[in-house]
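> Quick one: this structure, given as structure tokens, is what I'll be asking you about.
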Amino acid sequence: MTACRARAAARGPFRMPESRPPAAVSWWDRRMIDLRIRAATCEDVDGVLAFWKTAAEGTSISDDREGVERLVARDPGALLLAEEAGEPVGTVIAGFDGWRCHLYRLAVRPDRRRLGIGSALLAAAEERFVRLGGRRADAMVLTRNERAHHAWRAAGYGSEEHWRRWVKPLAR
């Protein structure tokens, strides 16, 4: 049993409400026949990593089996997976530390972009944050990823130029 499965088994079953955009939502593109958004599980880790190689911009220090398994085990419900007909078409990580809501790894399969999948994922993430008591969401967006800037702006997010992210990779 992997560490991910062991931690998930110890915690008990996690059930995230499935998310489907309502019929009246204007951004919902009718070409999305069967979009389903759900929390990723330990069984999804390899598929998510493969998906990010083709759909995500850049790589992260945690883009490995151990990192994603740890995320899924520690915070089931944080890694949201959008699927059409059982195939992954989008992801977002909606992490909540009890104080702040953080968004990472919003990615949509290139041939399915501009159909509302990213908007549906963000709506599901924001619903999660509200359920958990979150008050404000922030997003990690690469400076060079201009296409993403447009998507985040369209979803109501804005850059705060007075903040700068400071990082230090932790040695293992």
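Labeling convention for the structure tokens: chains A, B, ... as they appear, residues from 1 per chain, ligands from 1 in order of appearance.
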Within 12 Å of Ile37 of chain A, counting only C-alpha atoms, which residues show up once you throw out same-chain ones fewer than 5 positions away? Write them as a JSON list (two decimals) with N, CA, C and O atoms, in the first residue's frame, please.

[["chain", "number", "residue", "atom", "x", "y", "z"],
["A", 16, "MET", "N", -16.34, 14.61, -1.90],
["A", 16, "MET", "CA", -16.54, 15.99, -2.32],
["A", 16, "MET", "C", -17.80, 16.02, -3.17],
["A", 16, "MET", "O", -17.98, 15.15, -4.01],
["A", 17, "PRO", "N", -18.64, 17.01, -2.96],
["A", 17, "PRO", "CA", -19.81, 17.08, -3.83],
["A", 17, "PRO", "C", -19.37, 17.23, -5.27],
["A", 17, "PRO", "O", -18.49, 18.04, -5.56],
["A", 18, "GLU", "N", -19.94, 16.44, -6.15],
["A", 18, "GLU", "CA", -19.62, 16.60, -7.57],
["A", 18, "GLU", "C", -20.09, 17.95, -8.02],
["A", 18, "GLU", "O", -21.10, 18.45, -7.56],
["A", 19, "SER", "N", -19.37, 18.53, -8.94],
["A", 19, "SER", "CA", -19.70, 19.86, -9.40],
["A", 19, "SER", "C", -20.03, 19.82, -10.88],
["A", 19, "SER", "O", -19.28, 19.29, -11.68],
["A", 20, "ARG", "N", -21.17, 20.35, -11.21],
["A", 20, "ARG", "CA", -21.57, 20.52, -12.60],
["A", 20, "ARG", "C", -22.14, 21.92, -12.71],
["A", 20, "ARG", "O", -23.00, 22.29, -11.93],
["A", 21, "PRO", "N", -21.67, 22.71, -13.66],
["A", 21, "PRO", "CA", -22.22, 24.05, -13.80],
["A", 21, "PRO", "C", -23.71, 24.03, -14.09],
["A", 21, "PRO", "O", -24.18, 23.17, -14.84],
["A", 77, "GLY", "N", -9.53, 16.54, -1.66],
["A", 77, "GLY", "CA", -10.44, 17.59, -2.10],
["A", 77, "GLY", "C", -9.71, 18.79, -2.64],
["A", 77, "GLY", "O", -10.30, 19.63, -3.31],
["A", 78, "ALA", "N", -8.40, 18.90, -2.39],
["A", 78, "ALA", "CA", -7.63, 20.07, -2.86],
["A", 78, "ALA", "C", -7.33, 19.97, -4.36],
["A", 78, "ALA", "O", -7.36, 20.98, -5.05],
["A", 79, "LEU", "N", -7.03, 18.79, -4.84],
["A", 79, "LEU", "CA", -6.72, 18.61, -6.26],
["A", 79, "LEU", "C", -8.00, 18.27, -7.00],
["A", 79, "LEU", "O", -8.55, 17.18, -6.85],
["A", 80, "LEU", "N", -8.50, 19.25, -7.75],
["A", 80, "LEU", "CA", -9.75, 19.06, -8.49],
["A", 80, "LEU", "C", -9.42, 18.65, -9.92],
["A", 80, "LEU", "O", -8.53, 19.21, -10.55],
["A", 81, "LEU", "N", -10.16, 17.67, -10.39],
["A", 81, "LEU", "CA", -9.94, 17.09, -11.71],
["A", 81, "LEU", "C", -11.23, 17.23, -12.53],
["A", 81, "LEU", "O", -12.30, 16.82, -12.08],
["A", 82, "ALA", "N", -11.11, 17.87, -13.69],
["A", 82, "ALA", "CA", -12.25, 17.96, -14.62],
["A", 82, "ALA", "C", -12.10, 16.85, -15.65],
["A", 82, "ALA", "O", -11.02, 16.64, -16.20],
["A", 83, "GLU", "N", -13.20, 16.16, -15.90],
["A", 83, "GLU", "CA", -13.18, 15.05, -16.86],
["A", 83, "GLU", "C", -14.35, 15.19, -17.83],
["A", 83, "GLU", "O", -15.43, 15.65, -17.44],
["A", 84, "GLU", "N", -14.11, 14.78, -19.05],
["A", 84, "GLU", "CA", -15.15, 14.61, -20.05],
["A", 84, "GLU", "C", -15.07, 13.17, -20.51],
["A", 84, "GLU", "O", -14.00, 12.71, -20.92],
["A", 85, "ALA", "N", -16.16, 12.47, -20.42],
["A", 85, "ALA", "CA", -16.21, 11.05, -20.80],
["A", 85, "ALA", "C", -15.09, 10.25, -20.14],
["A", 85, "ALA", "O", -14.47, 9.40, -20.77],
["A", 86, "GLY", "N", -14.80, 10.56, -18.89],
["A", 86, "GLY", "CA", -13.79, 9.83, -18.13],
["A", 86, "GLY", "C", -12.35, 10.22, -18.42],
["A", 86, "GLY", "O", -11.43, 9.68, -17.83],
["A", 87, "GLU", "N", -12.12, 11.17, -19.33],
["A", 87, "GLU", "CA", -10.77, 11.61, -19.69],
["A", 87, "GLU", "C", -10.48, 12.95, -19.03],
["A", 87, "GLU", "O", -11.32, 13.84, -19.04],
["A", 88, "PRO", "N", -9.27, 13.12, -18.48],
["A", 88, "PRO", "CA", -8.93, 14.41, -17.85],
["A", 88, "PRO", "C", -8.84, 15.53, -18.88],
["A", 88, "PRO", "O", -8.22, 15.37, -19.93],
["A", 89, "VAL", "N", -9.50, 16.64, -18.58],
["A", 89, "VAL", "CA", -9.43, 17.82, -19.45],
["A", 89, "VAL", "C", -9.00, 19.06, -18.68],
["A", 89, "VAL", "O", -8.77, 20.11, -19.27],
["A", 90, "GLY", "N", -8.88, 18.96, -17.34],
["A", 90, "GLY", "CA", -8.45, 20.12, -16.57],
["A", 90, "GLY", "C", -8.17, 19.78, -15.12],
["A", 90, "GLY", "O", -8.66, 18.77, -14.61],
["A", 91, "THR", "N", -7.35, 20.62, -14.51],
["A", 91, "THR", "CA", -7.05, 20.48, -13.08],
["A", 91, "THR", "C", -6.90, 21.86, -12.45],
["A", 91, "THR", "O", -6.61, 22.85, -13.13],
["A", 92, "VAL", "N", -7.08, 21.89, -11.16],
["A", 92, "VAL", "CA", -6.67, 23.03, -10.34],
["A", 92, "VAL", "C", -6.44, 22.50, -8.93],
["A", 92, "VAL", "O", -7.11, 21.58, -8.49],
["A", 117, "ILE", "N", -13.98, 25.32, -19.31],
["A", 117, "ILE", "CA", -13.50, 24.31, -18.36],
["A", 117, "ILE", "C", -12.72, 24.97, -17.22],
["A", 117, "ILE", "O", -12.94, 24.65, -16.06],
["A", 118, "GLY", "N", -11.83, 25.90, -17.55],
["A", 118, "GLY", "CA", -11.08, 26.61, -16.51],
["A", 118, "GLY", "C", -12.02, 27.38, -15.59],
["A", 118, "GLY", "O", -11.85, 27.36, -14.36],
["A", 119, "SER", "N", -13.03, 28.02, -16.16],
["A", 119, "SER", "CA", -14.01, 28.75, -15.34],
["A", 119, "SER", "C", -14.78, 27.80, -14.43],
["A", 119, "SER", "O", -15.04, 28.12, -13.26],
["A", 120, "ALA", "N", -15.14, 26.63, -14.94],
["A", 120, "ALA", "CA", -15.85, 25.65, -14.12],
["A", 120, "ALA", "C", -14.97, 25.15, -12.98],
["A", 120, "ALA", "O", -15.43, 24.98, -11.84],
["A", 121, "LEU", "N", -13.68, 24.92, -13.26],
["A", 121, "LEU", "CA", -12.76, 24.49, -12.22],
["A", 121, "LEU", "C", -12.60, 25.57, -11.15],
["A", 121, "LEU", "O", -12.60, 25.27, -9.95],
["A", 122, "LEU", "N", -12.47, 26.82, -11.57],
["A", 122, "LEU", "CA", -12.33, 27.91, -10.59],
["A", 122, "LEU", "C", -13.60, 28.06, -9.76],
["A", 122, "LEU", "O", -13.53, 28.31, -8.55],
["A", 123, "ALA", "N", -14.76, 27.92, -10.38],
["A", 123, "ALA", "CA", -16.01, 27.99, -9.63],
["A", 123, "ALA", "C", -16.07, 26.88, -8.58],
["A", 123, "ALA", "O", -16.46, 27.11, -7.43],
["A", 124, "ALA", "N", -15.65, 25.67, -8.95],
["A", 124, "ALA", "CA", -15.63, 24.54, -7.99],
["A", 124, "ALA", "C", -14.63, 24.82, -6.87],
["A", 124, "ALA", "O", -14.92, 24.53, -5.70],
["A", 125, "ALA", "N", -13.47, 25.38, -7.20],
["A", 125, "ALA", "CA", -12.47, 25.71, -6.18],
["A", 125, "ALA", "C", -13.02, 26.77, -5.23],
["A", 125, "ALA", "O", -12.87, 26.66, -4.00],
["A", 128, "ARG", "N", -15.46, 25.32, -2.85],
["A", 128, "ARG", "CA", -14.74, 24.59, -1.79],
["A", 128, "ARG", "C", -14.25, 25.55, -0.73],
["A", 128, "ARG", "O", -14.42, 25.32, 0.46]]
> When distances are computed from only C-alpha atoms, which of A:His102, A:Pro169, A:Cys42, A:Ala137 shows the smallest separation from Arg74 of chain A?
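Closest residue, counting only C-alpha atoms: A:Cys42.
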> Can you list, as a PyMOL selection string, all residues belonging to chain A that DSSP tags as alpha helix (DSSP H)?
chain A and resi 3-11+45-55+65-74+117-132+146-154
> With C-alpha atoms retained, export the selected residues as an mmCIF file, in the first residue's frame.

data_model
loop_
_atom_site.group_PDB
_atom_site.id
_atom_site.type_symbol
_atom_site.label_atom_id
_atom_site.label_comp_id
_atom_site.auth_asym_id
_atom_site.auth_seq_id
_atom_site.Cartn_x
_atom_site.Cartn_y
_atom_site.Cartn_z
ATOM 1 C CA ALA A 3 1.797 6.150 1.592
ATOM 2 C CA CYS A 4 -1.024 7.998 -0.168
ATOM 3 C CA ARG A 5 -3.419 5.087 0.159
ATOM 4 C CA ALA A 6 -2.355 4.400 3.754
ATOM 5 C CA ARG A 7 -3.037 7.997 4.835
ATOM 6 C CA ALA A 8 -6.321 8.079 2.914
ATOM 7 C CA ALA A 9 -7.408 4.780 4.501
ATOM 8 C CA ALA A 10 -6.532 6.032 7.981
ATOM 9 C CA ARG A 11 -8.569 9.203 7.434
ATOM 10 C CA VAL A 45 -1.775 10.572 -9.486
ATOM 11 C CA ASP A 46 -0.008 9.090 -12.531
ATOM 12 C CA GLY A 47 -2.700 10.384 -14.883
ATOM 13 C CA VAL A 48 -2.510 13.883 -13.387
ATOM 14 C CA LEU A 49 1.280 13.970 -13.748
ATOM 15 C CA ALA A 50 1.020 12.876 -17.389
ATOM 16 C CA PHE A 51 -1.738 15.441 -17.987
ATOM 17 C CA TRP A 52 0.391 18.281 -16.570
ATOM 18 C CA LYS A 53 3.205 17.427 -18.999
ATOM 19 C CA THR A 54 0.942 18.319 -21.914
ATOM 20 C CA ALA A 55 -1.476 20.861 -20.427
ATOM 21 C CA ARG A 65 4.489 11.074 -7.595
ATOM 22 C CA GLU A 66 5.578 11.690 -3.996
ATOM 23 C CA GLY A 67 4.507 15.345 -4.049
ATOM 24 C CA VAL A 68 1.075 14.741 -5.574
ATOM 25 C CA GLU A 69 0.411 11.692 -3.380
ATOM 26 C CA ARG A 70 1.252 13.772 -0.310
ATOM 27 C CA LEU A 71 -1.159 16.504 -1.437
ATOM 28 C CA VAL A 72 -4.018 14.053 -2.063
ATOM 29 C CA ALA A 73 -3.429 12.241 1.241
ATOM 30 C CA ARG A 74 -3.047 15.389 3.351
ATOM 31 C CA ILE A 117 -13.500 24.312 -18.361
ATOM 32 C CA GLY A 118 -11.084 26.607 -16.511
ATOM 33 C CA SER A 119 -14.012 28.750 -15.338
ATOM 34 C CA ALA A 120 -15.851 25.651 -14.118
ATOM 35 C CA LEU A 121 -12.757 24.489 -12.217
ATOM 36 C CA LEU A 122 -12.333 27.910 -10.594
ATOM 37 C CA ALA A 123 -16.013 27.988 -9.630
ATOM 38 C CA ALA A 124 -15.626 24.543 -7.994
ATOM 39 C CA ALA A 125 -12.471 25.712 -6.182
ATOM 40 C CA GLU A 126 -14.202 28.857 -4.935
ATOM 41 C CA GLU A 127 -17.185 26.782 -3.732
ATOM 42 C CA ARG A 128 -14.736 24.591 -1.794
ATOM 43 C CA PHE A 129 -13.129 27.624 -0.202
ATOM 44 C CA VAL A 130 -16.470 29.083 0.852
ATOM 45 C CA ARG A 131 -17.519 25.733 2.399
ATOM 46 C CA LEU A 132 -14.250 25.699 4.363
ATOM 47 C CA GLU A 146 0.284 35.945 -20.820
ATOM 48 C CA ARG A 147 -2.496 33.577 -21.930
ATOM 49 C CA ALA A 148 -3.095 32.674 -18.301
ATOM 50 C CA HIS A 149 -3.241 36.340 -17.298
ATOM 51 C CA HIS A 150 -6.262 36.794 -19.564
ATOM 52 C CA ALA A 151 -8.000 33.746 -18.083
ATOM 53 C CA TRP A 152 -7.398 34.843 -14.490
ATOM 54 C CA ARG A 153 -8.571 38.404 -15.228
ATOM 55 C CA ALA A 154 -11.731 37.064 -16.875
#
> Segment 36-150 of chain A: which residues are strand (DSSP E or B) by DSSP, as JSON, numbers by chain?
{"A": [36, 37, 38, 39, 79, 80, 81, 82, 83, 84, 87, 88, 89, 90, 91, 92, 93, 94, 95, 96, 101, 102, 103, 104, 105, 106, 107, 108, 137, 138, 139]}
> Rounded to one decimal, what separation in Å do you get between atom CA of Ala39 of chain A and atom CA of Ile93 of chain A?
9.7 Å
> Taking into account only C-alpha atoms, which residue in the set A:Ile61, A:Ala56, A:Ala94, A:Leu35 is nearest to Leu170 of chain A?
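Nearest candidate to Leu170 of chain A out of A:Ile61, A:Ala56, A:Ala94, A:Leu35: A:Ile61.
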